[in-house]
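Source file: data_28.cif. Holds: mmCIF, C-alpha atoms and all ligand atoms.
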```cif
data_my_file
#
loop_
_atom_site.label_atom_id
_atom_site.label_comp_id
_atom_site.auth_asym_id
_atom_site.auth_seq_id
_atom_site.Cartn_x
_atom_site.Cartn_y
_atom_site.Cartn_z
CA MET A 1 49.47 -20.09 -20.28
CA LYS A 2 47.79 -21.85 -17.36
CA LYS A 3 47.81 -18.61 -15.43
CA ASN A 4 46.16 -16.78 -18.36
CA THR A 5 43.43 -19.43 -18.66
CA PHE A 6 42.76 -19.11 -14.96
CA LEU A 7 42.49 -15.33 -15.25
CA VAL A 8 40.10 -15.58 -18.23
CA ILE A 9 37.86 -18.03 -16.31
CA LEU A 10 37.97 -15.82 -13.24
CA PHE A 11 37.05 -12.79 -15.36
CA LEU A 12 34.10 -14.67 -16.91
CA ILE A 13 32.83 -15.83 -13.50
CA ILE A 14 32.94 -12.27 -12.15
CA LYS A 15 31.22 -10.92 -15.28
CA VAL A 16 28.46 -13.56 -15.20
CA ALA A 17 27.94 -13.08 -11.45
CA GLY A 18 27.80 -9.31 -11.95
CA SER A 19 25.27 -9.41 -14.78
CA ALA A 20 23.14 -11.98 -12.93
CA GLN A 21 23.01 -9.58 -10.02
CA SER A 22 21.99 -6.54 -12.11
CA ASP A 23 19.58 -8.62 -14.23
CA SER A 24 17.72 -9.59 -11.07
CA ILE A 25 16.17 -6.11 -10.93
CA ILE A 26 13.63 -5.77 -13.73
CA ARG A 27 12.14 -2.43 -12.68
CA ARG A 28 13.42 0.45 -10.61
CA ILE A 29 11.70 3.72 -9.65
CA VAL A 30 13.73 6.48 -8.03
CA LEU A 31 11.76 9.00 -5.95
CA ILE A 32 13.07 12.50 -5.28
CA GLY A 33 10.86 15.12 -3.68
CA ASP A 34 11.31 18.75 -2.70
CA GLY A 35 14.53 19.25 -4.60
CA GLY A 36 13.95 22.95 -5.32
CA GLU A 37 17.12 24.48 -3.95
CA LEU A 38 20.86 24.23 -4.62
CA THR A 39 23.67 23.83 -2.06
CA ASN A 40 26.74 25.85 -3.03
CA GLY A 41 25.69 25.75 -6.67
CA HIS A 42 25.20 21.97 -6.63
CA HIS A 43 22.32 19.56 -6.33
CA PRO A 44 23.84 16.87 -4.05
CA VAL A 45 20.82 14.52 -4.19
CA ALA A 46 20.52 14.55 -7.99
CA GLU A 47 24.29 14.03 -8.20
CA ALA A 48 24.05 11.15 -5.71
CA VAL A 49 21.41 9.45 -7.86
CA ARG A 50 23.70 9.73 -10.89
CA LYS A 51 26.58 8.19 -8.91
CA THR A 52 24.73 5.30 -7.28
CA ILE A 53 21.80 4.23 -9.46
CA PRO A 54 22.13 2.53 -12.85
CA LEU A 55 20.32 4.95 -15.17
CA ASN A 56 19.34 2.30 -17.69
CA LYS A 57 16.01 1.47 -19.35
CA GLN A 58 14.78 -0.37 -16.26
CA THR A 59 15.01 2.83 -14.20
CA THR A 60 12.41 5.61 -14.03
CA ILE A 61 13.02 8.77 -12.01
CA VAL A 62 10.16 10.77 -10.51
CA TYR A 63 10.55 14.28 -9.10
CA LEU A 64 7.72 14.70 -6.61
CA GLY A 65 7.18 18.46 -6.66
CA ASP A 66 8.39 21.61 -4.92
CA ASN A 67 10.90 21.67 -7.73
CA ILE A 68 11.73 25.37 -7.27
CA TYR A 69 11.56 27.20 -3.92
CA GLU A 70 9.75 29.36 -2.87
CA LYS A 71 7.32 30.21 -5.64
CA GLY A 72 8.08 27.98 -8.62
CA LEU A 73 9.27 29.35 -11.96
CA PRO A 74 8.60 33.11 -12.18
CA ALA A 75 7.99 35.06 -15.41
CA PRO A 76 11.12 35.59 -17.60
CA GLN A 77 11.45 39.27 -16.64
CA HIS A 78 11.61 38.41 -12.92
CA PRO A 79 15.08 38.81 -11.29
CA PHE A 80 14.92 35.23 -9.93
CA TYR A 81 14.06 33.66 -13.32
CA ASN A 82 17.60 32.63 -14.33
CA GLU A 83 18.39 31.19 -10.91
CA ALA A 84 15.11 29.28 -10.89
CA LYS A 85 15.96 27.78 -14.28
CA ILE A 86 19.37 26.64 -12.99
CA ILE A 87 17.70 24.91 -10.01
CA LEU A 88 15.40 23.00 -12.35
CA ASN A 89 18.14 22.25 -14.88
CA SER A 90 20.37 20.82 -12.12
CA GLN A 91 17.69 18.30 -11.18
CA LEU A 92 16.86 17.31 -14.73
CA ALA A 93 20.55 16.84 -15.56
CA VAL A 94 20.05 13.24 -14.34
CA ALA A 95 18.43 12.60 -17.73
CA ASP A 96 21.60 13.50 -19.66
CA SER A 97 23.22 10.48 -21.32
CA ALA A 98 20.79 8.27 -19.40
CA GLU A 99 18.42 5.71 -20.86
CA SER A 100 15.99 6.27 -18.00
CA LEU A 101 12.78 8.25 -18.27
CA VAL A 102 12.39 11.21 -15.94
CA TYR A 103 8.99 12.52 -14.83
CA ILE A 104 8.39 15.67 -12.84
CA ILE A 105 5.17 16.71 -11.07
CA PRO A 106 4.35 19.98 -9.27
CA GLY A 107 4.02 20.74 -5.56
CA ASN A 108 2.49 23.62 -3.62
CA HIS A 109 5.58 25.82 -4.04
CA ASP A 110 5.44 25.35 -7.83
CA TRP A 111 1.90 26.80 -7.68
CA ASN A 112 3.33 30.18 -6.60
CA ASP A 113 3.47 28.85 -3.04
CA ALA A 114 -0.27 28.07 -3.27
CA HIS A 115 -1.14 31.73 -3.84
CA LYS A 116 -2.82 33.68 -6.61
CA GLY A 117 -0.96 33.29 -9.89
CA GLY A 118 -0.35 29.63 -9.05
CA LEU A 119 -1.93 28.26 -12.20
CA GLU A 120 0.18 30.54 -14.40
CA ALA A 121 3.32 29.50 -12.50
CA VAL A 122 2.68 25.77 -12.81
CA ILE A 123 1.87 26.01 -16.53
CA ARG A 124 5.01 28.14 -17.05
CA GLN A 125 7.14 25.44 -15.41
CA GLN A 126 5.48 22.67 -17.42
CA LYS A 127 6.08 24.51 -20.69
CA TYR A 128 9.66 25.34 -19.73
CA VAL A 129 10.40 21.65 -19.01
CA ASP A 130 8.56 20.32 -22.07
CA ASP A 131 9.33 23.02 -24.66
CA SER A 132 12.54 24.74 -23.57
CA ILE A 133 14.52 21.98 -21.84
CA ALA A 134 12.84 19.58 -24.31
CA LYS A 135 14.82 16.45 -23.50
CA LYS A 136 13.35 13.37 -25.13
CA ASN A 137 13.41 11.41 -21.87
CA VAL A 138 11.95 14.14 -19.60
CA LYS A 139 8.25 14.97 -19.18
CA PHE A 140 6.32 17.23 -16.84
CA TYR A 141 2.91 15.89 -15.78
CA PRO A 142 0.06 16.70 -15.54
CA GLU A 143 -0.09 19.27 -18.36
CA ARG A 144 -1.81 22.70 -18.31
CA GLY A 145 -2.41 22.70 -14.55
CA CYS A 146 -4.84 19.79 -14.87
CA PRO A 147 -5.15 17.39 -11.93
CA GLY A 148 -4.43 14.21 -13.92
CA PRO A 149 -4.30 11.35 -13.23
CA VAL A 150 -1.65 10.36 -15.76
CA GLU A 151 -1.29 6.61 -16.20
CA LEU A 152 2.17 5.46 -17.26
CA PRO A 153 2.74 1.72 -17.69
CA LEU A 154 6.32 0.73 -16.85
CA GLY A 155 6.81 -2.52 -18.73
CA ASN A 156 4.49 -5.35 -17.76
CA ASP A 157 5.11 -5.17 -14.05
CA ALA A 158 4.35 -1.66 -12.85
CA VAL A 159 2.09 1.31 -13.45
CA LEU A 160 2.93 4.81 -12.37
CA VAL A 161 -0.07 7.02 -11.58
CA LEU A 162 0.76 10.71 -11.33
CA PHE A 163 -1.66 13.37 -10.11
CA ASP A 164 -1.43 16.95 -8.87
CA SER A 165 -2.44 17.06 -5.21
CA GLN A 166 -1.97 20.85 -5.09
CA TRP A 167 -4.77 21.16 -7.68
CA TRP A 168 -6.97 19.55 -5.00
CA LEU A 169 -5.81 21.93 -2.24
CA GLN A 170 -5.52 25.12 -4.30
CA ALA A 171 -8.28 27.49 -3.16
CA ASP A 172 -8.94 29.20 -6.50
CA GLU A 173 -7.72 29.64 -10.08
CA LYS A 174 -7.53 26.04 -11.12
CA PRO A 175 -8.83 24.25 -14.20
CA GLY A 176 -12.38 23.01 -13.70
CA GLU A 177 -15.49 22.60 -15.86
CA GLY A 178 -14.85 23.61 -19.46
CA SER A 179 -11.06 23.53 -19.08
CA GLY A 180 -10.59 20.53 -21.34
CA CYS A 181 -8.82 18.55 -18.61
CA SER A 182 -9.65 14.82 -18.60
CA CYS A 183 -10.93 15.24 -15.01
CA THR A 184 -12.45 18.52 -13.91
CA THR A 185 -13.85 17.57 -10.49
CA LYS A 186 -12.41 15.90 -7.40
CA GLU A 187 -14.91 13.08 -7.75
CA ALA A 188 -13.87 12.41 -11.37
CA LEU A 189 -10.19 12.40 -10.35
CA ILE A 190 -10.75 9.82 -7.59
CA ASN A 191 -12.95 7.66 -9.85
CA LYS A 192 -10.31 7.64 -12.57
CA ILE A 193 -7.55 6.66 -10.11
CA GLY A 194 -9.87 3.89 -8.88
CA GLU A 195 -10.35 2.64 -12.45
CA ILE A 196 -6.60 2.49 -13.05
CA ILE A 197 -6.06 0.58 -9.78
CA ALA A 198 -8.86 -1.89 -10.52
CA LYS A 199 -7.51 -2.85 -13.96
CA ASN A 200 -3.90 -3.31 -12.80
CA THR A 201 -4.10 -6.04 -10.19
CA GLY A 202 -0.97 -8.16 -10.20
CA LYS A 203 1.23 -5.16 -10.99
CA LEU A 204 2.87 -2.63 -8.71
CA VAL A 205 0.62 0.46 -8.84
CA LEU A 206 2.59 3.44 -7.60
CA VAL A 207 0.33 6.41 -6.96
CA ALA A 208 2.61 9.44 -6.77
CA SER A 209 1.64 12.96 -5.76
CA HIS A 210 3.33 15.81 -3.93
CA HIS A 211 1.29 15.55 -0.72
CA PRO A 212 1.59 12.39 1.41
CA LEU A 213 -1.36 10.48 2.85
CA LYS A 214 0.62 9.59 5.97
CA SER A 215 3.41 11.43 7.71
CA ASN A 216 5.06 11.55 11.10
CA GLY A 217 6.77 14.83 10.23
CA VAL A 218 5.96 18.53 10.49
CA HIS A 219 2.92 18.54 8.16
CA GLY A 220 1.71 15.41 9.95
CA GLY A 221 1.59 17.39 13.21
CA TYR A 222 4.91 16.55 14.86
CA PHE A 223 5.97 19.38 17.18
CA THR A 224 8.46 19.41 20.03
CA LEU A 225 8.92 21.68 23.04
CA LYS A 226 11.20 23.81 20.85
CA GLN A 227 8.24 24.88 18.65
CA HIS A 228 6.20 25.82 21.74
CA ILE A 229 8.94 28.10 23.08
CA PHE A 230 10.79 29.16 19.92
CA PRO A 231 8.11 28.93 17.19
CA LEU A 232 10.04 31.24 14.85
CA THR A 233 12.74 28.60 14.38
CA ASP A 234 10.25 26.83 12.08
CA ILE A 235 10.30 29.89 9.84
CA LYS A 236 14.03 30.53 10.03
CA LYS A 237 16.71 28.29 11.51
CA GLY A 238 18.50 30.04 14.38
CA LEU A 239 15.68 32.51 15.09
CA TYR A 240 15.68 31.74 18.83
CA ILE A 241 13.26 34.39 20.13
CA PRO A 242 11.43 32.89 23.14
CA LEU A 243 7.65 33.21 22.82
CA PRO A 244 6.23 30.91 25.54
CA VAL A 245 2.40 30.63 25.74
CA ILE A 246 1.96 32.60 22.47
CA GLY A 247 4.35 30.09 20.94
CA SER A 248 2.06 27.22 21.90
CA LEU A 249 -0.65 28.72 19.70
CA TYR A 250 1.44 27.90 16.66
CA PRO A 251 1.45 24.08 17.06
CA LEU A 252 -2.14 24.27 18.36
CA LEU A 253 -3.42 26.06 15.26
CA ARG A 254 -1.50 23.72 12.99
CA SER A 255 -2.93 20.69 14.80
CA LEU A 256 -6.40 22.12 14.08
CA GLY A 257 -5.62 22.11 10.37
CA VAL A 258 -5.66 25.84 9.66
CA SER A 259 -3.03 25.33 6.99
CA ARG A 260 -4.19 23.64 3.81
CA GLN A 261 -0.69 22.17 3.59
CA ASP A 262 -1.11 20.09 6.77
CA LEU A 263 -2.64 16.62 6.92
CA LYS A 264 -5.15 17.76 9.56
CA ASN A 265 -6.75 20.29 7.17
CA SER A 266 -10.32 19.33 6.23
CA SER A 267 -9.79 19.50 2.45
CA TYR A 268 -6.53 17.55 2.75
CA LYS A 269 -8.19 14.97 5.05
CA LYS A 270 -10.90 14.42 2.46
CA MET A 271 -8.29 13.76 -0.22
CA ILE A 272 -6.59 11.21 2.06
CA SER A 273 -9.77 9.32 2.92
CA LYS A 274 -11.01 9.27 -0.69
CA LEU A 275 -7.70 7.92 -1.97
CA GLU A 276 -7.42 5.31 0.78
CA ASN A 277 -10.97 4.12 0.16
CA THR A 278 -10.32 3.94 -3.56
CA ALA A 279 -7.17 1.90 -3.09
CA GLY A 280 -9.24 -0.25 -0.71
CA SER A 281 -8.03 -3.78 -0.39
CA PHE A 282 -5.65 -3.72 -3.36
CA PRO A 283 -2.38 -4.57 -1.59
CA ASN A 284 -0.35 -3.87 -4.73
CA VAL A 285 -0.94 -0.10 -4.40
CA VAL A 286 1.89 1.98 -2.92
CA PHE A 287 1.54 5.72 -2.27
CA ALA A 288 4.58 7.94 -2.75
CA ALA A 289 5.00 11.64 -2.07
CA GLY A 290 7.32 14.38 -0.87
CA HIS A 291 6.23 17.61 0.89
CA GLU A 292 7.90 16.63 4.17
CA HIS A 293 11.65 17.19 4.07
CA SER A 294 12.33 13.76 5.43
CA LEU A 295 12.47 10.12 4.39
CA GLN A 296 9.74 7.86 5.73
CA LEU A 297 8.23 4.43 5.21
CA ILE A 298 4.83 4.03 6.87
CA LYS A 299 2.45 1.08 6.88
CA ASP A 300 -0.85 2.04 8.37
CA GLY A 301 -3.83 0.03 7.29
CA SER A 302 -3.58 -1.76 3.97
CA HIS A 303 -0.93 0.23 2.13
CA TYR A 304 2.66 1.31 2.23
CA ASN A 305 3.36 5.03 2.11
CA ILE A 306 6.74 6.33 1.02
CA VAL A 307 7.69 9.89 1.88
CA SER A 308 10.76 10.91 -0.08
CA GLY A 309 11.02 14.67 0.37
CA GLY A 310 14.71 14.90 1.20
CA GLY A 311 15.57 16.39 -2.19
CA CYS A 312 17.57 19.27 -0.73
CA LYS A 313 16.66 19.89 2.92
CA SER A 314 15.74 18.08 6.12
CA THR A 315 13.19 18.66 8.87
CA ARG A 316 12.19 16.76 12.00
CA VAL A 317 10.34 13.46 11.85
CA LYS A 318 9.14 11.25 14.68
CA LYS A 319 9.66 7.53 14.86
CA LYS A 320 6.20 6.10 15.54
CA LYS A 321 4.81 2.58 15.62
CA ASN A 322 3.46 2.79 12.08
CA GLY A 323 6.78 4.20 10.85
CA LEU A 324 9.03 1.43 9.59
CA TYR A 325 11.74 3.91 8.70
CA ALA A 326 12.26 7.62 9.36
CA ALA A 327 15.23 9.91 8.76
CA ASP A 328 15.54 13.69 8.96
CA SER A 329 18.15 13.78 6.25
CA PRO A 330 18.47 14.80 2.62
CA GLY A 331 18.23 11.76 0.40
CA PHE A 332 16.02 9.72 -1.90
CA SER A 333 14.29 6.36 -2.16
CA VAL A 334 14.22 3.55 -4.70
CA LEU A 335 11.49 1.00 -5.35
CA GLU A 336 12.64 -2.14 -7.11
CA ILE A 337 10.93 -5.19 -8.58
CA SER A 338 13.05 -8.31 -8.89
CA ASN A 339 12.71 -11.06 -11.47
CA THR A 340 11.11 -13.13 -8.70
CA ASN A 341 8.41 -10.41 -8.35
CA GLN A 342 9.63 -9.09 -5.02
CA VAL A 343 8.91 -5.40 -4.46
CA THR A 344 11.46 -3.75 -2.19
CA VAL A 345 12.14 -0.19 -1.11
CA SER A 346 15.49 1.32 -0.18
CA PHE A 347 16.33 4.70 1.29
CA TYR A 348 19.59 6.54 0.69
CA THR A 349 20.75 9.45 2.83
CA VAL A 350 22.98 12.04 1.20
CA GLY A 351 25.47 13.94 3.34
CA GLU A 352 29.23 13.82 3.32
CA ARG A 353 28.70 10.25 2.18
CA ILE A 354 25.92 8.54 0.28
CA GLN A 355 24.57 5.71 2.41
CA LYS A 356 21.90 3.09 1.87
CA THR A 357 20.27 3.31 5.30
CA TYR A 358 17.25 1.05 4.84
CA SER A 359 16.14 -1.73 2.56
CA GLY A 360 13.06 -3.86 3.04
CA LEU A 361 10.66 -6.16 1.24
CA LEU A 362 7.16 -4.67 0.80
CA PHE A 363 5.39 -7.58 -0.88
CA ARG A 364 5.54 -10.07 -3.70
CA LEU A 365 3.46 -9.43 -6.79
ZN ZN B 401 5.24 20.93 -0.41
#
```

What's the structure tokens form of this structure?
Amino acid sequence: MKKNTFLVILFLIIKVAGSAQSDSIIRRIVLIGDGGELTNGHHPVAEAVRKTIPLNKQTTIVYLGDNIYEKGLPAPQHPFYNEAKIILNSQLAVADSAESLVYIIPGNHDWNDAHKGGLEAVIRQQKYVDDSIAKKNVKFYPERGCPGPVELPLGNDAVLVLFDSQWWLQADEKPGEGSGCSCTTKEALINKIGEIIAKNTGKLVLVASHHPLKSNGVHGGYFTLKQHIFPLTDIKKGLYIPLPVIGSLYPLLRSLGVSRQDLKNSSYKKMISKLENTAGSFPNVVFAAGHEHSLQLIKDGSHYNIVSGGGCKSTRVKKKKNGLYAADSPGFSVLEISNTNQVTVSFYTVGERIQKTYSGLLFRL
């Protein structure tokens, strides 16, 4: 009898301690970017999130674009259509039997790899997610190829702001004047994001887009001797054809911003400076993005930048002074708000094992 009483008390202590621990997180946002490819028919990062993160009402999952490589969701008659659907379905399977909400935004690859036909491709993917997959806890934003921003309050403590950074960078064929979008110019988009930030002081404001404002990876201009001598390895792993001198042109041109997908590009630079100015001195704003196939935490100036593009691949990233964390590994990140208003970020790498490789306090609300 005594032994039983002891066991009951022990059980209650463990249960109370356990629930106190999980109750201490009042809000959780999982960030997965660039998840548009399967590995042996599986999506290891989406599966890792299902295994490690409580998918309850406190949790929101955001897919940060480049959801289907290389060109987004093609038309139904295209030979790749069924495979593309499976890639998307595998990611959105995290919503099944979960209480969490799942949001998905587009990246440059979802806009037909930033080529002509991009608008059709991004609308096709949005309609497929919203009308065909049609899960009650999954939503593709922004709708109809519009830039956004979409403001999504998460309880009383956080606001998620989603916008389509590829709309900004896309050269043509994008909704503008007369499209019916809530913002039809770059100026209107920035102003609206500024309005949302200004009215949400005291909350975590997570501004999420596909393209990062800071990066110490490939798009941020990180090249090694390998790219100078074997530039083709950036196009295809293992393509070791030595092209010295000519090879150096490749990193040089990219450092000059010839690609709209690199942070040095003039249009991209303008987007960065406008957003940073808008966020100004509001320390509660955090920027999150994918695009780079790496995991990074950067504090440069007033704001934290999370790069969480390890959804299915990995590419090189340099550890720099402003980089608090960097990993060239598949994985994901998690922002959490505790009941004592602490905002923390954790990074998980996904390989043979799932490992929490970094956890740090950003600020207190
Ligand atoms: Zn991208």

Could you list, as a PyMOL selection string, all residues that come within 10 Å of ligand ZN 401 (chain B)? Count all atoms listed in the file. chain A and resi 33-34+64-67+69-70+106-111+113-114+165-166+210-212+219+261-262+289-293+309

Looking at A:Gly148, A:Gly280, A:Gly220, A:Gly155, which one is nearest to Thr59 in chain A, with distances taken over all atoms listed in the file? A:Gly155

Restricting the calculation to only C-alpha atoms: of A:Leu335, A:Ala121, A:Gly202, A:Ile196, which residue gets closest to Thr60 in chain A?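 Checking each candidate against Thr60 in chain A, we get A:Leu335 as the closest.
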
Of the candidates A:Ile68, A:Ala326, A:Ile123, A:Ala171, which one gets nearest to Phe80 in chain A if we count only C-alpha atoms?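 Residue with the minimum atom-to-atom distance to Phe80 in chain A: A:Ile68.
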
Neighbourhood query: residues within 9 Å of (14.4, 31.3, 19.7), file coordinates, counting only C-alpha atoms; return as a ChimeraX atom specification. /A:226-227,229-233,238-243

Given only C-alpha atoms as the counted atoms, nearest of A:Leu73, A:Leu55, A:Ile246, A:Leu256 to Glu99 in chain A: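 For Glu99 in chain A, the nearest of the given residues is A:Leu55.
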
What does the distance between CA of Thr278 in chain A and CA of Val205 in chain A come to in Å, to one decimal place?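 These two atoms are separated by 12.6 Å.
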
Distance criterion (only C-alpha atoms): nearest to Asp234 in chain A out of A:Ser209, A:Thr315, A:Thr201, A:Ser182: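 Ranking A:Ser209, A:Thr315, A:Thr201, A:Ser182 by distance to Asp234 in chain A, first place goes to A:Thr315.
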
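With all atoms listed in the file as the atoms that count, the residue of A:Leu263, A:Val218, A:Cys146, A:Val345 with the shortest distance to Val317 in chain A is A:Val218.
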
I'd like the neighbourhood of Ala188 in chain A as a list in words, where a residue qualifies if any of its atoms comes within 12 Å (using only C-alpha atoms), though same-chain residues fewer than 4 positions away should be ignored.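 Here the answer would be Pro147, Gly148, Pro149, Trp168, Gly176, Glu177, Cys181, Ser182, Cys183, Thr184, Lys192, Ile193, Gly194, Glu195 and Lys274 of chain A.
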
Give as an NGL selection string every residue, naming chains and numbers as the document does, that has an atom within 6 Å of (20.2, 19.8, -1.5), counting only C-alpha atoms. :A and (38-39 or 43-45 or 311-313)

Compile the contact shell of range 356-360 of chain A as a ChimeraX atom specification: residues with an atom at most 12 Å away, counting only C-alpha atoms, same-chain residues fewer than 5 positions apart removed. /A:48-49,52-53,295-297,304,324-337,342-351

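A straight line drawn from CA of Leu154 in chain A to CA of Asn305 in chain A is 19.7 Å long.
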
Find the distance between CA of Ile32 in chain A and CA of Tyr63 in chain A and write it in Å to one decimal.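 These two atoms are separated by 4.9 Å.
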
Contacts of Asn277 in chain A at 12 Å or less, counting all atoms listed in the file, minus same-chain residues fewer than 5 places along, as a list in words? Ile190, Asn191, Ile193, Gly194, Ile197, Leu213, Lys270, Met271, Ile272, Phe282, Val285, Gly301, Ser302 and His303 of chain A
